[in-house]
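The next block is work_35.csv, given as CSV, C-alpha atoms.
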chain,number,residue,atom,x,y,z
E,23,ASN,CA,8.8,-13.5,12.4
E,24,ALA,CA,8.0,-9.9,13.4
E,25,GLY,CA,7.9,-8.7,9.7
E,26,VAL,CA,7.6,-4.9,9.7
E,27,THR,CA,7.4,-3.1,13.0
E,28,GLN,CA,6.4,0.5,13.4
E,29,THR,CA,6.8,2.7,16.5
E,30,PRO,CA,5.0,4.5,18.0
E,31,LYS,CA,1.4,3.2,17.2
E,32,PHE,CA,-0.2,6.5,18.3
E,33,ARG,CA,1.0,10.0,18.8
E,34,VAL,CA,-0.5,13.4,19.3
E,35,LEU,CA,1.7,16.4,18.4
E,36,LYS,CA,1.2,20.1,18.8
E,37,THR,CA,1.6,22.3,15.7
E,38,GLY,CA,5.3,23.1,15.2
E,39,GLN,CA,6.6,20.1,17.1
E,40,SER,CA,8.9,17.6,15.5
E,41,MET,CA,9.0,13.8,15.7
E,42,THR,CA,10.5,10.7,14.1
E,43,LEU,CA,8.6,7.5,13.2
E,44,LEU,CA,10.6,4.3,13.2
E,45,CYS,CA,10.2,1.4,10.8
E,46,ALA,CA,12.1,-1.8,11.3
E,47,GLN,CA,12.0,-4.9,9.1
E,48,ASP,CA,13.6,-8.3,9.7
E,49,MET,CA,13.0,-9.8,6.3
E,50,ASN,CA,16.2,-8.5,4.7
E,51,HIS,CA,14.2,-6.5,2.1
E,52,GLU,CA,16.0,-4.1,-0.1
E,53,TYR,CA,13.1,-1.7,-0.7
E,54,MET,CA,11.3,0.3,2.0
E,55,TYR,CA,8.5,2.9,1.7
E,56,TRP,CA,6.5,5.4,3.7
E,57,TYR,CA,2.9,6.0,2.8
E,58,ARG,CA,0.2,8.1,4.4
E,59,GLN,CA,-3.5,7.1,4.3
E,60,ASP,CA,-6.3,9.6,4.5
E,61,PRO,CA,-10.0,8.8,4.2
E,62,GLY,CA,-11.2,8.4,0.6
E,63,MET,CA,-7.7,8.9,-0.8
E,64,GLY,CA,-6.0,5.6,-0.6
E,65,LEU,CA,-2.3,5.3,0.2
E,66,ARG,CA,0.0,8.0,-1.0
E,67,LEU,CA,3.8,7.6,-1.2
E,68,ILE,CA,5.8,10.0,0.9
E,69,HIS,CA,9.4,8.7,0.4
E,70,TYR,CA,11.0,5.5,-0.5
E,71,SER,CA,14.4,3.8,-0.4
E,72,VAL,CA,15.9,1.2,-2.8
E,73,GLY,CA,18.8,0.3,-0.5
E,74,GLU,CA,20.8,1.3,2.5
E,75,GLY,CA,22.0,4.9,2.3
E,76,THR,CA,19.6,5.8,-0.5
E,77,THR,CA,16.3,7.7,-0.4
E,78,ALA,CA,14.0,9.3,-3.0
E,79,LYS,CA,10.8,11.4,-3.0
E,80,GLY,CA,7.4,10.0,-3.6
E,81,GLU,CA,4.1,11.8,-4.4
E,82,VAL,CA,3.7,13.9,-1.3
E,83,PRO,CA,7.2,14.5,0.2
E,84,ASP,CA,6.8,18.1,1.4
E,85,GLY,CA,7.2,18.5,5.2
E,86,TYR,CA,8.9,15.1,5.7
E,87,ASN,CA,12.4,13.8,5.7
E,88,VAL,CA,13.7,10.2,5.7
E,89,SER,CA,16.9,8.3,6.4
E,90,ARG,CA,18.0,4.8,5.9
E,91,LEU,CA,21.3,4.4,7.6
E,92,LYS,CA,20.8,0.6,8.1
E,93,LYS,CA,19.2,-1.8,5.7
E,94,GLN,CA,16.6,-2.9,8.3
E,95,ASN,CA,15.5,0.6,9.4
E,96,PHE,CA,13.7,3.4,7.6
E,97,LEU,CA,13.0,6.6,9.6
E,98,LEU,CA,10.4,9.2,8.8
E,99,GLY,CA,10.8,12.7,10.3
E,100,LEU,CA,8.4,15.6,10.6
E,101,GLU,CA,10.4,18.8,11.2
E,102,SER,CA,7.6,21.1,12.0
E,103,ALA,CA,4.2,19.3,12.3
E,104,ALA,CA,1.1,20.8,10.7
E,105,PRO,CA,-2.6,19.8,11.2
E,106,SER,CA,-2.5,18.7,7.5
E,107,GLN,CA,-0.1,16.0,8.5
E,108,THR,CA,-2.8,14.3,10.7
E,109,SER,CA,-3.0,10.9,9.1
E,110,VAL,CA,-2.3,7.2,9.4
E,111,TYR,CA,1.3,6.4,8.4
E,112,PHE,CA,2.2,3.0,7.0
E,113,CYS,CA,5.7,1.7,6.4
E,114,ALA,CA,6.2,-1.2,3.9
E,115,SER,CA,9.0,-3.2,2.6
E,116,SER,CA,9.5,-5.4,-0.5
E,117,SER,CA,12.1,-7.4,-2.3
E,118,PRO,CA,13.3,-7.2,-5.9
E,119,GLY,CA,11.7,-10.0,-7.9
E,120,ASN,CA,8.1,-8.8,-8.2
E,121,TRP,CA,6.8,-9.8,-4.8
E,122,GLY,CA,4.2,-7.9,-2.8
E,123,TYR,CA,4.6,-5.4,0.0
E,124,THR,CA,4.6,-6.3,3.6
E,125,PHE,CA,3.1,-3.4,5.6
E,126,GLY,CA,3.6,-2.5,9.2
E,127,SER,CA,0.6,-2.0,11.5
E,128,GLY,CA,0.6,1.8,11.1
E,129,THR,CA,1.1,4.9,13.2
E,130,ARG,CA,-2.0,7.1,13.9
E,131,LEU,CA,-0.7,10.7,14.1
E,132,THR,CA,-2.8,13.6,15.2
E,133,VAL,CA,-1.5,17.2,15.0
E,134,VAL,CA,-3.5,19.7,17.0
C,29,GLN,CA,-1.7,9.4,-11.7
C,30,GLN,CA,-3.8,7.5,-9.3
C,31,PRO,CA,-5.5,4.4,-10.8
C,32,VAL,CA,-9.3,4.5,-10.8
C,33,GLN,CA,-11.2,1.8,-9.0
C,34,SER,CA,-14.8,0.8,-9.4
C,35,PRO,CA,-17.2,0.3,-7.8
C,36,GLN,CA,-16.5,2.5,-4.8
C,37,ALA,CA,-18.5,0.1,-2.6
C,38,VAL,CA,-20.4,-3.1,-2.9
C,39,ILE,CA,-22.5,-5.2,-0.5
C,40,LEU,CA,-22.9,-8.9,-1.0
C,41,ARG,CA,-24.5,-11.8,0.7
C,42,GLU,CA,-22.4,-14.8,1.5
C,43,GLY,CA,-21.9,-17.0,-1.5
C,44,GLU,CA,-22.3,-14.2,-4.1
C,45,ASP,CA,-19.6,-13.1,-6.5
C,46,ALA,CA,-18.0,-9.7,-7.0
C,47,VAL,CA,-15.7,-8.0,-9.5
C,48,ILE,CA,-13.5,-5.0,-8.6
C,49,ASN,CA,-11.9,-3.1,-11.4
C,50,CYS,CA,-8.8,-1.0,-11.6
C,51,SER,CA,-7.8,1.2,-14.6
C,52,SER,CA,-4.8,3.4,-15.3
C,53,SER,CA,-4.0,6.0,-17.9
C,54,LYS,CA,-0.3,5.1,-17.8
C,55,ALA,CA,1.5,2.1,-19.3
C,56,LEU,CA,1.9,-0.5,-16.5
C,57,TYR,CA,4.5,-3.1,-15.6
C,58,SER,CA,2.5,-4.7,-12.9
C,59,VAL,CA,-0.7,-4.5,-10.8
C,60,HIS,CA,-0.9,-5.4,-7.1
C,61,TRP,CA,-4.0,-6.1,-5.1
C,62,TYR,CA,-4.3,-5.7,-1.3
C,63,ARG,CA,-7.1,-6.1,1.3
C,64,GLN,CA,-7.3,-3.9,4.4
C,65,LYS,CA,-9.6,-4.7,7.3
C,66,HIS,CA,-10.7,-1.8,9.5
C,67,GLY,CA,-7.9,-0.6,11.7
C,68,GLU,CA,-5.4,-3.0,10.3
C,69,ALA,CA,-2.6,-2.9,7.8
C,70,PRO,CA,-3.1,-3.7,4.1
C,71,VAL,CA,-2.4,-7.3,3.3
C,72,PHE,CA,-1.0,-8.5,-0.1
C,73,LEU,CA,-3.3,-10.7,-2.2
C,74,MET,CA,-1.9,-10.9,-5.7
C,75,ILE,CA,0.4,-9.4,-8.2
C,76,LEU,CA,-0.1,-9.5,-12.0
C,77,LEU,CA,2.8,-8.9,-14.2
C,78,LYS,CA,3.0,-7.7,-17.8
C,79,GLY,CA,3.2,-10.8,-19.9
C,80,GLY,CA,0.7,-12.7,-17.9
C,81,GLU,CA,2.4,-14.1,-14.9
C,82,GLN,CA,0.5,-14.1,-11.6
C,83,LYS,CA,1.7,-14.6,-8.0
C,84,GLY,CA,-0.5,-14.7,-4.9
C,85,HIS,CA,-3.6,-15.9,-3.3
C,86,ASP,CA,-5.0,-19.3,-4.1
C,87,LYS,CA,-8.7,-18.5,-3.7
C,88,ILE,CA,-8.9,-15.1,-5.4
C,89,SER,CA,-8.3,-14.6,-9.1
C,90,ALA,CA,-7.5,-11.6,-11.2
C,91,SER,CA,-6.8,-10.5,-14.7
C,92,PHE,CA,-4.6,-7.9,-16.3
C,93,ASN,CA,-5.4,-6.4,-19.7
C,94,GLU,CA,-2.1,-4.8,-20.8
C,95,LYS,CA,-3.5,-3.1,-23.8
C,96,LYS,CA,-6.2,-1.4,-21.8
C,97,GLN,CA,-4.1,-0.9,-18.7
C,98,GLN,CA,-6.9,-2.5,-16.7
C,99,SER,CA,-7.1,-5.2,-14.0
C,100,SER,CA,-10.0,-6.9,-12.4
C,101,LEU,CA,-10.2,-8.8,-9.1
C,102,TYR,CA,-12.7,-11.7,-9.0
C,103,LEU,CA,-14.1,-12.7,-5.6
C,104,THR,CA,-16.2,-15.9,-6.0
C,105,ALA,CA,-18.4,-17.5,-3.4
C,106,SER,CA,-17.8,-14.7,-1.0
C,107,GLN,CA,-17.3,-15.3,2.7
C,108,LEU,CA,-17.7,-13.0,5.7
C,109,SER,CA,-13.9,-12.8,5.9
C,110,TYR,CA,-13.8,-11.2,2.5
C,111,SER,CA,-15.1,-8.0,4.0
C,112,GLY,CA,-12.7,-5.0,3.9
C,113,THR,CA,-11.3,-2.4,1.6
C,114,TYR,CA,-9.6,-3.6,-1.5
C,115,PHE,CA,-6.8,-1.5,-3.1
C,116,CYS,CA,-5.1,-1.9,-6.4
C,117,GLY,CA,-1.5,-0.6,-6.7
C,118,THR,CA,0.1,0.0,-10.1
C,119,GLU,CA,3.7,0.0,-10.9
C,120,LYS,CA,5.4,1.5,-14.0
C,121,GLY,CA,8.9,0.3,-13.7
C,122,THR,CA,11.2,-2.2,-12.1
C,123,VAL,CA,14.5,-2.0,-10.2
C,124,GLU,CA,15.3,1.7,-10.8
C,125,TYR,CA,11.9,2.7,-9.5
C,126,GLY,CA,12.1,0.4,-6.5
C,127,ASN,CA,8.8,-1.3,-7.3
C,128,LYS,CA,7.0,1.7,-6.0
C,129,LEU,CA,3.3,1.6,-6.2
C,130,VAL,CA,0.6,4.2,-6.8
C,131,PHE,CA,-2.6,3.0,-5.1
C,132,GLY,CA,-6.2,3.6,-6.0
C,133,ALA,CA,-8.7,5.1,-3.6
C,134,GLY,CA,-10.1,1.7,-2.7
C,135,THR,CA,-13.3,-0.4,-3.0
C,136,ILE,CA,-15.2,-1.1,0.2
C,137,LEU,CA,-16.6,-4.7,0.2
C,138,ARG,CA,-19.1,-5.8,2.8
C,139,VAL,CA,-20.3,-9.4,2.9
C,140,LYS,CA,-23.5,-10.0,4.9
C,141,SER,CA,-24.8,-13.3,6.3
For this file, write the structure as structure tokens.
Amino acid sequence: NAGVTQTPKFRVLKTGQSMTLLCAQDMNHEYMYWYRQDPGMGLRLIHYSVGEGTTAKGEVPDGYNVSRLKKQNFLLGLESAAPSQTSVYFCASSSPGNWGYTFGSGTRLTVV
Amino acid sequence: QQPVQSPQAVILREGEDAVINCSSSKALYSVHWYRQKHGEAPVFLMILLKGGEQKGHDKISASFNEKKQQSSLYLTASQLSYSGTYFCGTEKGTVEYGNKLVFGAGTILRVKS
């Protein structure tokens, strides 16, 4: 089983450029999440989705947009990248019924 | 609000025990524990639910004090493979919140031979 797959794994952007990070899961999970991880700050929730066609804001949503057109995919977009968005981005999925998250392997993004 | 983890870091020798604590100022529905090795994704260890139910790892135990909104992770007879950063994630609600978690800043655990 692939689990949760994130693409790309690494990316360098110039300030002002846009990009989309793709997350795909094959576990038929209802819930999907985007977190960013910065040194000493743990994981902070950007946006999340409780089902196909629905999205909601997390703790740090500014500068990001998301879409979940298909149940298995959750896209994270950066409209105009800023150096403050340099981070490691993790996608995760879970299922109702109080089970843990399955995380993807992460995307390391650097904005210069 | 982000839960507070303590200690921030701990160094053990193989075979020693460790306790990692997680506390929240908010009423909680559940507490999750994850371990992350350097350069890798976090991996689910355990979930503790309000009411006492636990789901997860066979060799790691944890407790959840609902009144104090605190959880502790117990690592006994530590092995080199236990090294990594441990995160607690706290959840306030259920379906309407999508089981979303707020994570602590992490506890770095290093086990030496």
Practice problem: Output as number ranges by chain the set of chain E residues within 7 Å of chain C, with distances taken over all atoms listed in the file. | Solution: E: 53, 62-66, 72, 118, 122-123, 125-128
Quiz item: Using all atoms listed in the file, can you list as a list in words the residues within 12 Å of (-14.7, -16.7, -1.7)?
Solution: Leu40, Arg41, Glu42, Gly43, Glu44, Asp45, Ala46, Val47, His85, Asp86, Lys87, Ile88, Ser89, Leu101, Tyr102, Leu103, Thr104, Ala105, Ser106, Gln107, Leu108, Ser109, Tyr110, Ser111 and Val139 of chain C
Store the residues picked out above in a file with C-alpha atoms, as a compact mmCIF listing (two decimals), in the coordinates of the input.
# COMPACT_ATOMS: atom_id res chain seq x y z
CA LEU C 40 -22.90 -8.90 -1.00
CA ARG C 41 -24.50 -11.80 0.70
CA GLU C 42 -22.40 -14.80 1.50
CA GLY C 43 -21.90 -17.00 -1.50
CA GLU C 44 -22.30 -14.20 -4.10
CA ASP C 45 -19.60 -13.10 -6.50
CA ALA C 46 -18.00 -9.70 -7.00
CA VAL C 47 -15.70 -8.00 -9.50
CA HIS C 85 -3.60 -15.90 -3.30
CA ASP C 86 -5.00 -19.30 -4.10
CA LYS C 87 -8.70 -18.50 -3.70
CA ILE C 88 -8.90 -15.10 -5.40
CA SER C 89 -8.30 -14.60 -9.10
CA LEU C 101 -10.20 -8.80 -9.10
CA TYR C 102 -12.70 -11.70 -9.00
CA LEU C 103 -14.10 -12.70 -5.60
CA THR C 104 -16.20 -15.90 -6.00
CA ALA C 105 -18.40 -17.50 -3.40
CA SER C 106 -17.80 -14.70 -1.00
CA GLN C 107 -17.30 -15.30 2.70
CA LEU C 108 -17.70 -13.00 5.70
CA SER C 109 -13.90 -12.80 5.90
CA TYR C 110 -13.80 -11.20 2.50
CA SER C 111 -15.10 -8.00 4.00
CA VAL C 139 -20.30 -9.40 2.90
Quiz item: Hey, what's within 9 Å of Ser89 of chain E if we count all atoms listed in the file and toss same-chain stuff fewer than 3 positions away? As a VMD selection string, please?
Solution: chain E and resid 71 74 to 77 92 95 to 99
With 8 Å of padding per side, what axis-aligned box (centre and edge lengths, Å, one decimal) covers all the listed atoms of segment 78-89 of chain E? Give it as AutoDock Vina command-line options.
--center_x 10.3 --center_y 13.4 --center_z 1.0 --size_x 29.2 --size_y 26.2 --size_z 26.8
Self-check item: Residue among C:Asn49, C:Gln97, C:Gln33, C:Ser91 lying closest to Lys120 of chain C, counting all atoms listed in the file
Solution: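 Checking each of C:Asn49, C:Gln97, C:Gln33, C:Ser91 against Lys120 of chain C, counting all atoms listed in the file, the winner is C:Gln97.
The gap separating atom CA of Arg33 of chain E from atom CA of Pro61 of chain E is 18.3 Å, in Å to one decimal.
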Self-check item: Point-to-point distance in Å for atom CA of Lys36 of chain E and atom CA of Thr132 of chain E
Solution: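 Spanning atom CA of Thr132 of chain E to atom CA of Lys36 of chain E is a straight-line distance of 8.4 Å.
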Self-check item: Computed interatomic separation between atom CA of Glu101 of chain E and atom CA of Leu43 of chain E (Å)
Solution: 11.6 Å
Quiz item: Which polymer residues have any atom within 7 Å of an atom of Ser117 of chain E, counting only C-alpha atoms, with same-chain residues fewer than 3 positions away left out, as a PyMOL selection string?
Solution: chain E and resi 51-53+121
Quiz item: If you count all atoms listed in the file, which residues fall within 10 Å of Asn50 of chain E, apart from same-chain ones fewer than 5 positions away, as a list in words?
Solution: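 Here the qualifying residues turn out to be Gly25, Lys93, Gln94, Ser115, Ser116 and Ser117 of chain E.
Considering the residues E:Leu131, E:Leu67, E:Leu100, E:Met41 and counting all atoms listed in the file, Cys113 of chain E has its shortest atom-to-atom contact with E:Leu67.
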Practice problem: Mind checking which residues fall within 8 Å of segment 105-110 of chain E, counting only C-alpha atoms, ignoring those fewer than 3 positions away in the same chain, and posting them as number ranges by chain? | Solution: E: 37, 58-60, 128-134
Quiz item: Looking at only C-alpha atoms, which of E:Gly85, E:Phe112, E:Thr124, E:Ala104 is the one that sits closest to Gln28 of chain E?
Solution: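 Under the stated criterion, the closest residue is E:Phe112.
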